[in-house]
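What follows is the content of structure_33.cif (mmCIF, C-alpha atoms).
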data_entry
loop_
_atom_site.label_atom_id
_atom_site.label_comp_id
_atom_site.auth_asym_id
_atom_site.auth_seq_id
_atom_site.Cartn_x
_atom_site.Cartn_y
_atom_site.Cartn_z
CA MET A 1 -80.18 -141.70 -160.87
CA LYS A 2 -83.53 -140.56 -162.29
CA LEU A 3 -87.04 -140.43 -160.93
CA HIS A 4 -89.52 -142.57 -162.88
CA ILE A 5 -93.27 -141.97 -163.14
CA VAL A 6 -95.29 -145.21 -163.16
CA PRO A 7 -98.97 -145.91 -163.97
CA ALA A 8 -101.46 -146.18 -161.11
CA GLN A 9 -102.01 -149.92 -161.70
CA THR A 10 -98.37 -150.52 -160.80
CA GLY A 11 -99.54 -150.29 -157.17
CA PHE A 12 -101.24 -153.69 -157.61
CA THR A 13 -98.03 -155.10 -159.08
CA TRP A 14 -96.04 -153.94 -156.06
CA VAL A 15 -98.44 -155.80 -153.77
CA LYS A 16 -98.20 -158.96 -155.89
CA LEU A 17 -94.40 -158.90 -156.07
CA GLY A 18 -94.09 -158.32 -152.33
CA VAL A 19 -96.33 -161.30 -151.60
CA GLN A 20 -94.43 -163.46 -154.10
CA ALA A 21 -91.10 -162.51 -152.52
CA PHE A 22 -92.47 -163.38 -149.08
CA ARG A 23 -93.66 -166.77 -150.35
CA ARG A 24 -90.15 -167.61 -151.52
CA GLN A 25 -88.64 -167.23 -148.05
CA PRO A 26 -91.55 -166.91 -145.59
CA LEU A 27 -89.73 -168.26 -142.55
CA ALA A 28 -86.54 -166.27 -143.12
CA LEU A 29 -88.30 -162.97 -143.82
CA ALA A 30 -90.80 -163.40 -140.98
CA ALA A 31 -88.01 -164.38 -138.59
CA LEU A 32 -85.95 -161.33 -139.59
CA PHE A 33 -88.91 -159.02 -139.05
CA PHE A 34 -89.77 -160.67 -135.72
CA LEU A 35 -86.15 -160.46 -134.57
CA SER A 36 -85.99 -156.76 -135.43
CA PHE A 37 -89.36 -156.20 -133.72
CA VAL A 38 -88.17 -157.89 -130.52
CA ALA A 39 -84.84 -156.04 -130.60
CA MET A 40 -86.56 -152.68 -131.05
CA SER A 41 -89.04 -153.48 -128.28
CA LEU A 42 -86.26 -154.44 -125.87
CA LEU A 43 -84.34 -151.29 -126.75
CA ALA A 44 -87.45 -149.16 -126.28
CA SER A 45 -87.88 -150.61 -122.78
CA VAL A 46 -84.69 -148.86 -121.65
CA PRO A 47 -85.73 -145.75 -119.70
CA VAL A 48 -85.51 -142.32 -121.37
CA LEU A 49 -83.06 -142.99 -124.21
CA GLY A 50 -84.39 -146.40 -125.26
CA ASN A 51 -87.36 -145.08 -127.24
CA ILE A 52 -85.20 -142.51 -129.00
CA ALA A 53 -82.55 -145.09 -129.90
CA SER A 54 -85.17 -147.46 -131.33
CA LEU A 55 -86.58 -144.66 -133.50
CA VAL A 56 -83.09 -143.74 -134.73
CA LEU A 57 -82.48 -147.34 -135.84
CA LEU A 58 -85.84 -147.76 -137.60
CA PRO A 59 -84.58 -146.68 -141.08
CA SER A 60 -81.79 -149.25 -140.74
CA VAL A 61 -84.37 -151.96 -140.06
CA THR A 62 -86.32 -150.86 -143.15
CA LEU A 63 -83.14 -151.09 -145.22
CA ALA A 64 -82.41 -154.56 -143.83
CA MET A 65 -85.85 -155.78 -144.92
CA MET A 66 -85.30 -154.32 -148.41
CA LEU A 67 -81.97 -156.13 -148.65
CA ALA A 68 -83.56 -159.32 -147.34
CA THR A 69 -86.21 -159.18 -150.06
CA GLY A 70 -83.49 -158.73 -152.68
CA GLU A 71 -81.72 -161.79 -151.29
CA SER A 72 -84.96 -163.76 -151.35
CA ILE A 73 -85.83 -163.15 -154.98
CA GLN A 74 -82.28 -164.00 -156.03
CA GLY A 75 -82.68 -167.43 -154.44
CA HIS A 76 -80.62 -166.71 -151.33
CA THR A 77 -81.73 -167.09 -147.72
CA PRO A 78 -81.73 -163.79 -145.79
CA THR A 79 -79.83 -163.91 -142.51
CA PRO A 80 -79.95 -161.75 -139.36
CA ALA A 81 -76.55 -160.33 -140.38
CA LEU A 82 -78.46 -157.98 -142.69
CA LEU A 83 -79.62 -156.07 -139.61
CA LEU A 84 -76.00 -154.96 -139.15
CA VAL A 85 -75.45 -153.69 -142.69
CA THR A 86 -75.65 -150.06 -141.52
CA PHE A 87 -72.66 -150.66 -139.23
CA ARG A 88 -70.57 -152.62 -141.73
CA LYS A 89 -70.47 -150.42 -144.85
CA GLY A 90 -68.10 -147.72 -143.71
CA ARG A 91 -68.15 -144.65 -141.51
CA GLN A 92 -69.81 -142.31 -143.98
CA HIS A 93 -72.65 -144.74 -144.60
CA LEU A 94 -73.06 -145.20 -140.85
CA ARG A 95 -73.13 -141.43 -140.26
CA HIS A 96 -75.70 -140.92 -142.99
CA MET A 97 -77.96 -143.71 -141.76
CA LEU A 98 -77.75 -142.54 -138.15
CA LEU A 99 -78.49 -138.96 -139.21
CA LEU A 100 -81.44 -140.24 -141.20
CA GLY A 101 -82.60 -142.09 -138.10
CA ALA A 102 -82.12 -139.00 -135.93
CA LEU A 103 -84.27 -136.98 -138.34
CA TYR A 104 -86.95 -139.66 -138.19
CA ALA A 105 -86.84 -139.67 -134.38
CA ALA A 106 -87.12 -135.87 -134.31
CA GLY A 107 -90.10 -135.96 -136.67
CA PHE A 108 -91.87 -138.70 -134.75
CA LEU A 109 -91.29 -137.10 -131.36
CA GLY A 110 -92.49 -133.79 -132.81
CA ILE A 111 -95.74 -135.48 -133.83
CA MET A 112 -96.15 -136.94 -130.35
CA ALA A 113 -95.52 -133.48 -128.85
CA LEU A 114 -98.22 -131.96 -131.05
CA SER A 115 -100.66 -134.69 -130.06
CA ALA A 116 -99.84 -133.99 -126.41
CA LEU A 117 -101.06 -130.43 -126.88
CA VAL A 118 -104.48 -131.87 -127.70
CA ASP A 119 -105.02 -134.35 -124.87
CA GLY A 120 -102.31 -133.59 -122.32
CA GLY A 121 -100.02 -136.38 -123.50
CA ARG A 122 -102.23 -139.41 -122.85
CA PHE A 123 -102.09 -140.72 -126.43
CA ALA A 124 -98.32 -140.17 -126.57
CA GLN A 125 -97.95 -142.09 -123.32
CA VAL A 126 -99.95 -144.99 -124.75
CA TYR A 127 -97.90 -145.01 -127.94
CA MET A 128 -94.49 -144.54 -126.38
CA ASP A 129 -94.82 -146.41 -123.08
CA GLY A 130 -97.45 -149.02 -123.92
CA THR A 131 -99.89 -147.70 -121.31
CA PRO A 132 -103.15 -149.70 -121.58
CA VAL A 133 -106.08 -147.92 -123.23
CA THR A 134 -109.14 -147.89 -121.00
CA ALA A 135 -112.71 -147.64 -122.29
CA GLN A 136 -113.04 -144.21 -120.69
CA MET A 137 -109.83 -143.04 -122.38
CA ALA A 138 -110.86 -144.36 -125.79
CA SER A 139 -114.21 -142.58 -125.61
CA ASP A 140 -112.67 -139.25 -124.62
CA PRO A 141 -112.98 -136.77 -127.55
CA SER A 142 -109.61 -135.18 -126.77
CA PHE A 143 -107.87 -138.58 -126.85
CA GLN A 144 -109.53 -139.40 -130.18
CA LYS A 145 -108.52 -136.02 -131.57
CA ALA A 146 -104.93 -136.57 -130.47
CA MET A 147 -104.93 -140.01 -132.11
CA TRP A 148 -106.19 -138.63 -135.42
CA THR A 149 -103.76 -135.72 -135.24
CA ALA A 150 -100.86 -138.14 -134.89
CA THR A 151 -102.23 -140.41 -137.64
CA VAL A 152 -102.62 -137.59 -140.15
CA LEU A 153 -99.19 -136.11 -139.40
CA SER A 154 -97.56 -139.55 -139.64
CA LEU A 155 -98.47 -139.81 -143.34
CA PRO A 156 -96.09 -137.11 -144.64
CA LEU A 157 -93.42 -138.45 -142.28
CA SER A 158 -93.80 -141.90 -143.84
CA LEU A 159 -93.56 -140.45 -147.36
CA LEU A 160 -90.36 -138.62 -146.47
CA PHE A 161 -88.70 -141.79 -145.21
CA TRP A 162 -90.19 -144.44 -147.51
CA HIS A 163 -87.38 -144.38 -150.11
CA ALA A 164 -84.75 -142.55 -148.06
CA PRO A 165 -82.88 -145.62 -146.67
CA GLY A 166 -82.52 -147.05 -150.17
CA LEU A 167 -81.34 -143.73 -151.61
CA VAL A 168 -78.70 -143.40 -148.90
CA HIS A 169 -77.55 -147.03 -149.21
CA TRP A 170 -77.55 -147.66 -152.96
CA HIS A 171 -77.04 -144.17 -154.40
CA GLY A 172 -75.10 -142.44 -151.64
CA VAL A 173 -77.59 -139.56 -151.47
CA PRO A 174 -77.11 -137.37 -148.35
CA PRO A 175 -79.93 -137.80 -145.78
CA VAL A 176 -81.70 -134.46 -146.25
CA LYS A 177 -81.68 -134.79 -150.05
CA ALA A 178 -82.85 -138.39 -149.70
CA LEU A 179 -85.89 -137.18 -147.76
CA PHE A 180 -86.72 -134.65 -150.48
CA PHE A 181 -86.39 -137.14 -153.33
CA SER A 182 -88.36 -139.76 -151.39
CA LEU A 183 -91.23 -137.31 -150.95
CA MET A 184 -91.08 -136.29 -154.62
CA ALA A 185 -91.18 -139.92 -155.73
CA CYS A 186 -94.30 -140.54 -153.66
CA VAL A 187 -95.99 -137.32 -154.82
CA ARG A 188 -95.20 -137.85 -158.50
CA ASN A 189 -96.41 -141.46 -158.26
CA VAL A 190 -99.38 -140.69 -156.04
CA GLY A 191 -101.76 -142.84 -158.11
CA ALA A 192 -99.68 -145.99 -157.73
CA CYS A 193 -99.04 -145.23 -154.05
CA LEU A 194 -102.76 -144.82 -153.36
CA VAL A 195 -103.56 -148.08 -155.16
CA PHE A 196 -100.85 -149.78 -153.10
CA LEU A 197 -102.17 -148.28 -149.85
CA PHE A 198 -105.82 -149.13 -150.41
CA SER A 199 -104.95 -152.61 -151.64
CA TRP A 200 -103.24 -153.37 -148.34
CA LEU A 201 -106.06 -151.75 -146.38
CA GLY A 202 -108.50 -154.04 -148.16
CA ILE A 203 -106.31 -157.08 -147.50
CA GLY A 204 -106.10 -156.10 -143.82
CA VAL A 205 -109.85 -155.70 -143.43
CA LEU A 206 -110.53 -158.97 -145.26
CA GLY A 207 -107.93 -160.79 -143.17
CA ALA A 208 -109.42 -159.48 -139.92
CA LEU A 209 -112.89 -160.58 -141.07
CA VAL A 210 -111.66 -164.09 -141.92
CA ILE A 211 -109.91 -164.40 -138.55
CA SER A 212 -113.07 -163.25 -136.75
CA ILE A 213 -115.19 -165.85 -138.57
CA ILE A 214 -112.69 -168.64 -137.87
CA SER A 215 -112.53 -167.60 -134.21
CA LEU A 216 -116.31 -167.77 -133.91
CA LEU A 217 -116.41 -171.20 -135.54
CA LEU A 218 -113.68 -172.52 -133.25
CA GLY A 219 -115.08 -170.80 -130.16
CA LEU A 220 -111.84 -168.98 -129.40
CA GLY A 221 -111.78 -166.46 -126.58
CA GLY A 222 -110.51 -162.90 -126.69
CA GLU A 223 -106.92 -163.92 -125.97
CA GLY A 224 -106.91 -166.44 -128.81
CA VAL A 225 -108.38 -163.95 -131.25
CA GLY A 226 -105.83 -161.36 -130.17
CA SER A 227 -102.97 -163.79 -130.79
CA LEU A 228 -104.26 -164.62 -134.26
CA LEU A 229 -104.68 -160.95 -135.14
CA MET A 230 -101.20 -160.13 -133.85
CA GLY A 231 -99.65 -162.95 -135.89
CA ALA A 232 -101.55 -161.90 -139.00
CA ALA A 233 -100.57 -158.25 -138.50
CA MET A 234 -96.87 -159.13 -138.22
CA MET A 235 -97.03 -161.31 -141.32
CA MET A 236 -98.77 -158.53 -143.26
CA ALA A 237 -96.21 -155.97 -142.05
CA THR A 238 -93.43 -158.26 -143.29
CA MET A 239 -95.05 -158.50 -146.73
CA ILE A 240 -95.57 -154.72 -146.90
CA LEU A 241 -91.89 -154.18 -146.18
CA SER A 242 -91.10 -156.81 -148.80
CA CYS A 243 -92.83 -154.56 -151.34
CA ALA A 244 -90.55 -151.61 -150.54
CA VAL A 245 -87.65 -152.78 -152.69
CA PHE A 246 -89.89 -153.15 -155.77
CA ILE A 247 -91.33 -149.68 -155.25
CA PHE A 248 -87.82 -148.30 -154.97
CA ARG A 249 -86.72 -150.15 -158.10
CA ASP A 250 -89.58 -148.76 -160.18
CA CYS A 251 -89.35 -145.19 -158.90
CA PHE A 252 -85.58 -144.81 -159.26
CA GLU A 253 -82.77 -146.19 -161.39
CA PRO A 254 -81.68 -149.29 -159.44
CA PRO A 255 -78.06 -150.42 -159.36
CA GLU A 256 -77.35 -153.70 -161.12
CA SER A 257 -76.71 -155.45 -157.82
CA LEU A 258 -80.11 -154.54 -156.39
CA LEU A 259 -82.36 -157.07 -158.06
CA HIS A 260 -80.06 -158.91 -160.42
CA GLY A 261 -82.00 -161.68 -162.07
CA ALA A 262 -85.32 -160.61 -160.52
CA HIS A 263 -88.52 -160.90 -162.51
CA HIS A 264 -89.62 -157.41 -163.52
CA ASP A 265 -93.37 -157.84 -163.74
CA THR A 266 -94.30 -154.18 -164.03
CA THR A 267 -95.71 -151.85 -166.63
CA PRO A 268 -92.86 -149.91 -168.24
CA PRO A 269 -92.51 -146.50 -166.63
CA THR A 270 -92.88 -143.26 -168.49
CA PRO A 271 -89.67 -141.45 -169.46
CA PRO A 272 -87.61 -140.37 -166.44
CA ALA A 273 -88.44 -137.05 -164.83
CA ALA A 274 -85.75 -134.67 -163.70
CA GLY A 275 -84.02 -136.02 -160.62
CA PRO A 276 -80.72 -136.20 -158.80
CA ASN A 277 -77.68 -137.02 -160.88
#

Before we go any further, please render this structure as structure tokens.
Amino acid sequence: MKLHIVPAQTGFTWVKLGVQAFRRQPLALAALFFLSFVAMSLLASVPVLGNIASLVLLPSVTLAMMLATGESIQGHTPTPALLLVTFRKGRQHLRHMLLLGALYAAGFLGIMALSALVDGGRFAQVYMDGTPVTAQMASDPSFQKAMWTATVLSLPLSLLFWHAPGLVHWHGVPPVKALFFSLMACVRNVGACLVFLFSWLGIGVLGALVISIISLLLGLGGEGVGSLLMGAAMMMATMILSCAVFIFRDCFEPPESLLHGAHHDTTPPTPPAAGPN
């Protein structure tokens, strides 16, 4: 396995391929994402340990969506059984994925703890328990500072875990090493990652604007607008996760079974950089 360096414009290609993969199996991919979202929400509703358990399983959900995208572009229909792949590939794979999830949970809870030092835990309570945000709370400088603290610290956490599930699953890389190589892949391909990020930010802003205009024309109330925005956000999240497998493929040497027969519409990467063997 080698780390590849790709041109910045590859970020646009990742967006395009993710959208194309979603268009092949929109119902199946959206249903899988919605099912995982509901399952995680129900698990998080369990007092005390529910939130932690849902965080631990999040890398497994990411892996399931990557596998589902691979199934989609090979002409197969993804099924909910993919959500159980972590538990069906052997004990070592299960241990590694659960350890990866535990590291993610520790990192996320650490970020929430740091934000709690800023505003006394109000933002963490909103994020973890779904406590409604009041106008007074939103205008409080300490709450805003806690929100931005959590947002900024979440970025390196996301980079650490972006490729890690794929590295553990396809290449058998131990969890801690997978985090390191995931971060290195994002840092070495920062141009493409930034193009990818800002492309989706632009799509999100444009989508919200279109929904707002349609809502005004149709005279929809706040509840209707909220439902449309929620549906659009979930669809966009599904497409973003559909991009993950293409990013992984271009940043690392993919196994033959990953995207066999897939259309590789990317600019050829530069020669491989030093990476794990």

Worksheet entry | Selection near Ser115 of chain A, 10 Å with only C-alpha atoms, sequence-local residues under 2 positions removed, as a VMD selection string | chain A and resid 109 to 113 117 to 124 142 to 143 145 to 151 153

Practice prompt. Spell out the residues picked by the PyMOL selection byres ((chain A and resi 105) around 9) here, as an NGL selection string.
Written response: :A and (51-58 or 100-104 or 106-110)

Worksheet entry | Hits from the PyMOL selection byres ((chain A and resi 30-41) around 10), listed as a PyMOL selection string | chain A and resi 22+25-29+42-46+50-51+53-55+57-58+61-62+64-65+68+78-83+234-239+241

Practice prompt. Would you list the contacts of Pro174 of chain A as number ranges by chain, taking every protein, DNA or RNA residue within 9 Å and counting only C-alpha atoms, but skipping same-chain residues closer than 6 positions in sequence?
Written response: A: 96, 100, 167-168

Go ahead and dump the residues you just picked, C-alpha atoms, as a PDB file, in the coordinates of the input.
ATOM      1  CA  HIS A  96     -75.700-140.920-142.990  1.00  0.00           C
ATOM      2  CA  LEU A 100     -81.440-140.240-141.200  1.00  0.00           C
ATOM      3  CA  LEU A 167     -81.340-143.730-151.610  1.00  0.00           C
ATOM      4  CA  VAL A 168     -78.700-143.400-148.900  1.00  0.00           C
TER       5      VAL A 168
END

Fill in: Selection result of the PyMOL selection byres ((chain A and resi 180) around 10) on this file, as a PyMOL selection string
chain A and resi 159-161+163-164+175-179+181-185

Discussion item. From the options A:Leu98, A:Val210, A:Leu63, A:Cys186, which residue's atoms come nearest to Val85 of chain A, counting all atoms listed in the file?
Written reply: A:Leu63

Discussion item. For a quick check of understanding, using all atoms listed in the file, which of A:Arg24, A:His76, A:Val48, A:Cys251 has the smallest distance to Asn189 of chain A?
Written reply: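 When distances to Asn189 of chain A are compared using all atoms listed in the file, the smallest one comes from A:Cys251.
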
Worksheet item: In terms of the shortest atom-to-atom distance over all atoms listed in the file, which of A:Ile240, A:Leu197, A:Ile247, A:Val205 is closest to Ile5 of chain A?
Response: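 For Ile5 of chain A, the nearest of the given residues is A:Ile247.
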
Practice prompt. Would you mind reading off the distance between atom CA of His171 of chain A and atom CA of Leu67 of chain A, one decimal, in Å?
Written response: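 Separating atom CA of His171 of chain A from atom CA of Leu67 of chain A is a distance of 14.2 Å.
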
Worksheet, complete the sentence: Expressed in Å, the length from atom CA of Val195 of chain A to atom CA of Val173 of chain A is 27.6 Å

Around all listed atoms of segment 15-22 of chain A, padded 6 Å per side, what centre and edge lengths does the axis-aligned box have in Å to one decimal, as JSON?
{"center_x": -94.8, "center_y": -159.6, "center_z": -152.6, "size_x": 19.3, "size_y": 19.7, "size_z": 19.0}
